[in-house]
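Peer 1: Here you go, this is model_13.txt (compact mmCIF, C-alpha atoms).
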# COMPACT_ATOMS: atom_id res chain seq x y z
CA MET A 1 0.00 0.00 0.00
CA ARG A 2 1.35 3.46 -0.90
CA VAL A 3 0.84 6.27 1.61
CA LYS A 4 0.66 9.75 0.13
CA CYS A 5 2.19 12.58 2.14
CA GLU A 6 0.68 16.03 1.69
CA CYS A 7 3.84 17.56 3.09
CA GLY A 8 4.50 20.66 1.01
CA TRP A 9 2.85 23.24 3.27
CA ARG A 10 4.02 21.38 6.39
CA ARG A 11 7.62 21.32 5.14
CA SER A 12 7.60 25.09 4.58
CA ALA A 13 6.05 25.82 7.97
CA ILE A 14 8.46 23.61 9.89
CA ALA A 15 11.60 24.67 8.03
CA GLY A 16 10.76 28.36 8.18
CA THR A 17 9.95 28.35 11.87
CA ALA A 18 12.70 25.96 12.89
CA SER A 19 15.53 27.94 11.32
CA THR A 20 14.48 31.05 13.24
CA LEU A 21 14.12 29.10 16.47
CA MET A 22 17.51 27.46 16.15
CA ALA A 23 19.25 30.80 15.62
CA ALA A 24 17.52 32.18 18.72
CA ALA A 25 18.50 29.16 20.80
CA ILE A 26 22.15 29.31 19.81
CA LEU A 27 22.40 33.04 20.46
CA LEU A 28 20.73 32.86 23.85
CA ALA A 29 22.69 29.82 24.97
CA GLY A 30 25.97 31.40 23.95
CA GLY A 31 25.20 34.82 25.35
CA SER A 32 25.80 36.46 22.00
CA ALA A 33 24.23 39.80 21.27
CA ILE A 34 24.82 40.20 17.54
CA ALA A 35 24.28 37.85 14.60
CA VAL A 36 25.40 38.40 11.03
CA SER A 37 24.92 35.51 8.61
CA ARG A 38 25.07 35.29 4.82
CA ASP A 39 24.68 32.63 2.16
CA ALA A 40 27.86 30.60 1.72
CA GLU A 41 29.31 27.85 -0.44
CA CYS A 42 28.82 24.58 1.41
CA ASP A 43 32.29 23.37 0.35
CA ASP A 44 33.85 26.32 2.21
CA LEU A 45 32.43 25.31 5.61
CA ASP A 46 34.20 23.32 8.33
CA ILE A 47 31.08 21.15 8.66
CA ALA A 48 29.20 19.09 6.09
CA ILE A 49 26.31 16.68 5.72
CA GLU A 50 27.20 13.69 3.58
CA PRO A 51 26.32 12.19 1.25
CA ALA A 52 24.71 15.31 -0.20
CA ALA A 53 22.80 13.16 -2.68
CA ASP A 54 20.60 11.93 0.18
CA PHE A 55 18.94 15.35 0.40
CA ARG A 56 16.67 17.29 -1.91
CA THR A 57 18.04 20.65 -0.84
CA ILE A 58 21.03 21.86 1.18
CA GLU A 59 21.47 25.53 2.11
CA CYS A 60 24.56 26.89 3.84
CA LYS A 61 25.31 30.13 5.67
CA ALA A 62 28.32 31.61 7.42
CA GLY A 63 28.88 34.65 9.58
CA GLN A 64 29.64 35.89 13.06
CA THR A 65 28.04 36.32 16.44
CA GLY A 66 29.65 38.20 19.23
CA TYR A 67 30.07 40.85 21.86
CA GLY A 68 32.90 42.73 23.53
CA GLY A 69 34.88 43.88 20.49
CA GLU A 70 36.95 41.99 17.93
CA THR A 71 38.27 39.35 20.32
CA GLY A 72 34.74 38.48 21.40
CA TRP A 73 33.52 37.51 17.93
CA SER A 74 32.82 33.89 17.17
CA ASN A 75 32.56 32.46 13.68
CA THR A 76 29.38 30.59 12.80
CA GLU A 77 28.31 28.21 10.07
CA SER A 78 24.96 26.56 9.49
CA ILE A 79 23.44 23.97 7.18
CA GLU A 80 19.77 23.31 6.50
CA ALA A 81 19.17 20.03 4.68
CA GLN A 82 15.81 18.59 3.61
CA ASP A 83 14.81 15.27 2.19
CA ALA A 84 11.31 14.14 1.30
CA LEU A 85 10.17 13.55 4.89
CA SER A 86 12.44 15.51 7.22
CA VAL A 87 14.63 18.54 7.82
CA MET A 88 17.95 18.73 9.64
CA PHE A 89 19.78 21.80 10.93
CA VAL A 90 23.49 21.74 11.76
CA TYR A 91 25.17 24.71 13.43
CA HIS A 92 28.90 25.15 14.09
CA SER A 93 30.24 27.88 16.35
CA ARG A 94 33.98 28.55 16.73
CA ALA A 95 34.86 30.77 19.67
CA GLY A 96 36.91 33.94 19.24
CA VAL A 97 40.39 34.63 20.58
CA GLN A 98 39.36 35.52 24.14
CA THR A 99 36.12 33.55 24.35
CA TYR A 100 35.00 29.99 24.83
CA ILE A 101 31.76 28.04 24.64
CA GLU A 102 30.28 26.40 27.73
CA ARG A 103 29.08 22.82 27.32
CA VAL A 104 25.34 22.31 27.79
CA ASP A 105 23.17 19.35 26.94
CA PRO A 106 20.85 19.65 23.94
CA LYS A 107 17.71 19.93 26.07
CA THR A 108 19.15 22.92 27.96
CA LEU A 109 20.48 24.46 24.76
CA PHE A 110 17.09 24.44 23.06
CA SER A 111 14.29 24.08 25.61
CA ASP A 112 15.43 26.99 27.78
CA SER A 113 15.76 29.33 24.82
CA ILE A 114 12.81 28.63 22.56
CA ASP A 115 9.23 27.50 22.92
CA MET A 116 9.10 24.85 20.23
CA ALA A 117 8.87 21.61 22.18
CA VAL A 118 5.70 20.06 23.50
CA ASP A 119 5.74 20.38 27.30
CA GLY A 120 7.00 17.25 28.99
CA SER A 121 8.11 15.60 25.76
CA TRP A 122 11.89 15.81 26.25
CA SER A 123 13.66 12.49 26.75
CA ASP A 124 16.75 11.78 28.80
CA THR A 125 20.04 12.45 27.06
CA THR A 126 21.72 9.61 25.18
CA VAL A 127 24.76 9.48 22.89
CA SER A 128 24.89 8.85 19.16
CA ASN A 129 28.13 8.98 17.16
CA GLY A 130 29.71 11.21 19.81
CA TYR A 131 26.76 13.64 19.99
CA SER A 132 24.61 14.14 23.07
CA VAL A 133 21.03 13.59 21.89
CA ALA A 134 17.60 14.32 23.38
CA LYS A 135 14.32 13.45 21.68
CA PHE A 136 11.24 15.63 21.81
CA PHE A 137 8.04 16.42 19.98
CA GLY A 138 7.73 19.79 18.30
CA LYS A 139 4.82 22.01 17.37
CA PHE A 140 5.47 24.83 14.96
CA ASP A 141 3.60 27.98 14.01
CA GLY A 142 0.47 27.24 12.04
CA LEU A 143 0.53 23.50 12.74
CA SER A 144 -1.72 21.73 15.22
CA ASP A 145 -0.07 18.29 14.99
CA LYS A 146 3.11 17.35 16.76
CA VAL A 147 6.08 15.95 14.88
CA PRO A 148 8.94 13.80 16.21
CA CYS A 149 12.27 15.58 16.57
CA PHE A 150 15.63 15.29 18.27
CA ALA A 151 18.25 17.84 19.29
CA TYR A 152 21.96 17.20 19.55
CA SER A 153 25.20 18.88 20.61
CA ARG A 154 28.91 18.12 20.70
CA TYR A 155 31.91 20.13 21.86
CA GLY A 156 35.59 19.99 20.95
CA GLY A 157 38.87 21.77 21.54
CA HIS A 158 38.95 22.34 25.29
CA VAL A 159 40.28 25.80 26.16
CA ALA A 160 43.03 25.47 28.77
CA GLY A 161 42.29 26.99 32.16
CA THR A 162 38.54 27.14 31.52
CA SER A 163 35.53 24.86 31.56
CA GLY A 164 34.77 25.80 27.94
CA PHE A 165 35.49 24.69 24.41
CA ARG A 166 36.61 26.23 21.13
CA HIS A 167 33.99 24.44 19.01
CA MET A 168 30.32 23.52 19.28
CA VAL A 169 28.31 21.59 16.70
CA ALA A 170 24.62 21.49 17.54
CA GLY A 171 21.23 21.48 15.92
CA PHE A 172 18.08 19.50 15.53
CA TYR A 173 16.14 17.24 13.24
CA CYS A 174 12.37 17.05 12.70
CA GLU A 175 10.18 14.85 10.58
CA PHE A 176 7.37 16.30 8.46
CA VAL A 177 4.81 13.57 9.14
CA PRO A 178 2.92 13.86 12.47
CA SER A 179 3.41 10.90 14.79
CA ASP A 180 3.03 9.86 18.41
CA SER A 181 6.20 7.77 18.13
CA PRO A 182 9.59 9.38 18.77
CA VAL A 183 12.40 9.35 16.23
CA SER A 184 13.88 5.84 16.21
CA GLU A 185 17.38 5.13 17.52
CA ALA A 186 18.34 3.79 14.11
CA ARG A 187 17.26 7.02 12.42
CA ILE A 188 19.13 9.12 14.98
CA ASP A 189 22.31 7.11 14.39
CA GLN A 190 21.82 7.43 10.65
CA MET A 191 21.39 11.20 10.73
CA THR A 192 24.15 12.05 13.24
CA GLY A 193 26.42 9.81 11.20
CA LYS A 194 25.93 12.12 8.23
CA ILE A 195 27.46 15.10 10.08
CA LYS A 196 31.11 15.58 9.13
CA ALA A 197 33.20 17.85 11.36
CA ASP A 198 37.01 17.75 11.44
CA MET A 199 37.33 19.47 14.80
CA PHE A 200 36.46 16.30 16.76
The structure in this file should be written as structure tokens.
Peer 2:
Amino acid sequence: MRVKCECGWRRSAIAGTASTLMAAAILLAGGSAIAVSRDAECDDLDIAIEPAADFRTIECKAGQTGYGGETGWSNTESIEAQDALSVMFVYHSRAGVQTYIERVDPKTLFSDSIDMAVDGSWSDTTVSNGYSVAKFFGKFDGLSDKVPCFAYSRYGGHVAGTSGFRHMVAGFYCEFVPSDSPVSEARIDQMTGKIKADMF
């Protein structure tokens, strides 16, 4: 039996809302006050999602967030990738000369900063391919149904004499089809395995 997915409007609503929410979460979690981001060539980034052929669209951006003058700036990169039934956001932040990034779990990174998750839907944190992962259900603007999602984060390059790190790769994944079942462990492993980042 073939199941038809009327996902076009849902895909636009989720992707449009989610990209804004992720930017807000990263800024608030990092304490950054300014964000400047522009379209970029995906091959020029320090992160990638591979194989690219698995996705219908991949959009990349690069820029800066920061505070406190030149030495406070951090470099940022982001990828939004969509296939037929899901969207994945990957965000890389590299701390500036006199800054570092505090490690937080994905639930804290996202749930404390944005109001996208269904109350009480966050799971305990697990690990997948080196990333801390927490599942949740999301509801986005204009949509009444909940969709299964997961958030993830990973840190690298410990800054000596601090509790912080030079690099953070974080983001989240959501499916377009409403469901009461969370994202499967196999799917989480599959998707985090597609993230390529040389700083780890």
Peer 1: Using all atoms listed in the file, which residue out of A:Leu45, A:Ala40, A:Ala81, A:Val147 lies closest to A:Arg94?
Peer 2: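 Among the listed residues, the smallest separation from A:Arg94 belongs to A:Leu45.
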Peer 1: Can you work out which one of A:Ser37, A:Gln98, A:Ser179, A:Thr57 has the shortest atom-to-atom distance to A:Asp83, counting all atoms listed in the file?
Peer 2: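 Nearest candidate to A:Asp83 out of A:Ser37, A:Gln98, A:Ser179, A:Thr57: A:Thr57.
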Peer 1: Considering all atoms listed in the file, state which residue in the set A:Val159, A:Val169, A:Ala134, A:Ala62 is at the smallest distance from A:Asp198.
Peer 2: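 Closest to A:Asp198, using all atoms listed in the file: A:Val169.
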Peer 1: Rounded to one decimal in Å, what is the spacing between atom CA of A:Gly161 and atom CA of A:Asn75?
Peer 2: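 Interatomic distance, atom CA of A:Gly161 to atom CA of A:Asn75: 21.6 Å.
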Peer 1: Mind giving me the straight-line distance from atom CA of A:Gly157 to atom CA of A:Ala52 in Å, one decimal?
Peer 2: 26.7 Å
Peer 1: Suppose you want the space between atom CA of A:Gly142 and atom CA of A:Phe176; what is it in Å?
Peer 2: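 Atom CA of A:Phe176 lies 13.4 Å from atom CA of A:Gly142.
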